[in-house]
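Accompanying notes for the structure given below.
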Amino acid sequence: VKRVRTVHLQRAKAAGEKFSMLTSYDVLTAGIFDRAGVDVLLVGDSLGNTVLGHDSTLPVTLDDMAVFAAAVVRGAQRPLVVVDLPFGSYEESPTQAVHSAAHIMKRTGAHAVKLEGGEALAEHVAAVVRAGIPVMGHVGFTPQSEHALGGFRIQGRGEAAEQLLRDARAVQAAGCFAVVLEMVSADAAAAVESALDIPTVGIGAGNVTTGQVLVWQDMLGLRAGTMPRFVKQYAQLAEVAGDAVSAYVADVRSGAFPAEEHSYRG
Ligand code: KIV
Ligand code: NA
């Protein structure tokens, strides 16, 4: 199989085609999503919430990211694998950003990194790109800045559309091969997609972006609680797993499991 590369995502935009991105944090889901045709796997720092049980992405470390990213790379043949730089690993200086990005590339075999921030972080993006590491940008709602942004709020509405566009242009100029637009007005996202040469990847950004991304536990119904409006649930895995495990518990209690076919003799 031929590996998806950053150039293929740029060609998709030029050809008016779409691509799909989905988070993955382990070897099994990487294989399942690969075989299902997902183009880009994102080892998101959302693993802080979905895997590690934190209530934000802020506690996630570079070493956490490296462990999960290496597993995803081992499970993915075709998808491009993009790894988030976590909070505190790239904001200090362009040098720190290069150091962290290189660490991820060396330790995991991933193909690109993603970092949050627009104009203010453009120099950091440029330094990583100069080091030969492809960078995906991330603007709009940036979860690592949730406290500065005043919580989960839709970005790019009204006058803020101008700043969103400046941020997206800045990361494109800094060399990003694509940029995530998270939780922004669909109108603002459409304006960014058409103003940029690079593809945008939406999550809660309407359907005009070249790519779409979701967190896998959300779209497969593995996570409890109310989902944001932008999540479409394609399955209810928590229910399927819960019912199956209840049946196991009942079988163990009743002695129905293990049956003769699960037992060794002689
Ligand atoms: O960490 C993550 O899963 C992300 C996506 C939601 C874009 O950054
Ligand atoms: Na992220």
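Ligands are numbered from 1 in the order shown, residues from 1 within each chain, and chains are lettered A, B, ... in the order they appear in the structure tokens.
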Could you make a table, as CSV, of the residues of chain A that have an atom within 8 Å of an atom of ligand 2, each with its nearest atom pair and distance in Å to one decimal, counting only C-alpha atoms and all ligand atoms, in chain and number order?
residue,atom,partner,partner_atom_place_in_ligand_line,distance
A:Gly44,CA,ligand 2,1 (Na),4.5
A:Asp45,CA,ligand 2,1 (Na),4.5
A:Ser46,CA,ligand 2,1 (Na),5.3
A:Thr57,CA,ligand 2,1 (Na),7.5
A:Asp84,CA,ligand 2,1 (Na),5.8
A:Pro86,CA,ligand 2,1 (Na),7.7
A:Lys114,CA,ligand 2,1 (Na),7.8
A:Leu115,CA,ligand 2,1 (Na),7.8
A:Glu116,CA,ligand 2,1 (Na),7.6
A:Thr142,CA,ligand 2,1 (Na),7.7
A:Pro143,CA,ligand 2,1 (Na),7.0
A:Gln144,CA,ligand 2,1 (Na),7.8
Kindly provide, as a PyMOL selection string, all nucleotide and amino acid residues lying within 7 Å of ligand 1, counting only C-alpha atoms and all ligand atoms. chain A and resi 23+42-47+84+180+182+203+213-215
Please provide the set of residues having any atom within 9 Å of Thr200 in chain A, restricted to only C-alpha atoms, with same-chain residues fewer than 4 positions apart removed, written as a PyMOL selection string. chain A and resi 13+178-181+189+192-193+196+208-212
Which one is closest to Asp34 in chain A: A:Val72, A:Ala259, A:Ala170, A:Val201? Count only C-alpha atoms. A:Val72
Go through range 10-258 of chain A and collect every residue that DSSP, computed from the backbone, puts in strand (DSSP E or B); the answer should be as a PyMOL selection string. chain A and resi 19-23+40-43+80-84+112-114+117+135-140+155+178-182+184+200-203+211-214
Quick one: everything within 7 Å of range 68-70 of chain A, counting only C-alpha atoms, minus sequence neighbours fewer than 5 positions away in the same chain. Send it as a PyMOL selection string. chain A and resi 25-26+43+83+108-109
Keeping only C-alpha atoms, write the selected residues to a file as an mmCIF file, in the first residue's frame.
data_model
loop_
_atom_site.group_PDB
_atom_site.id
_atom_site.type_symbol
_atom_site.label_atom_id
_atom_site.label_comp_id
_atom_site.auth_asym_id
_atom_site.auth_seq_id
_atom_site.Cartn_x
_atom_site.Cartn_y
_atom_site.Cartn_z
ATOM 1 C CA TYR A 25 -4.067 6.315 20.275
ATOM 2 C CA ASP A 26 -3.220 2.621 19.985
ATOM 3 C CA VAL A 43 -2.555 11.079 17.762
ATOM 4 C CA VAL A 83 1.113 13.773 16.408
ATOM 5 C CA THR A 108 7.739 7.362 17.091
ATOM 6 C CA GLY A 109 8.350 7.238 13.342
#
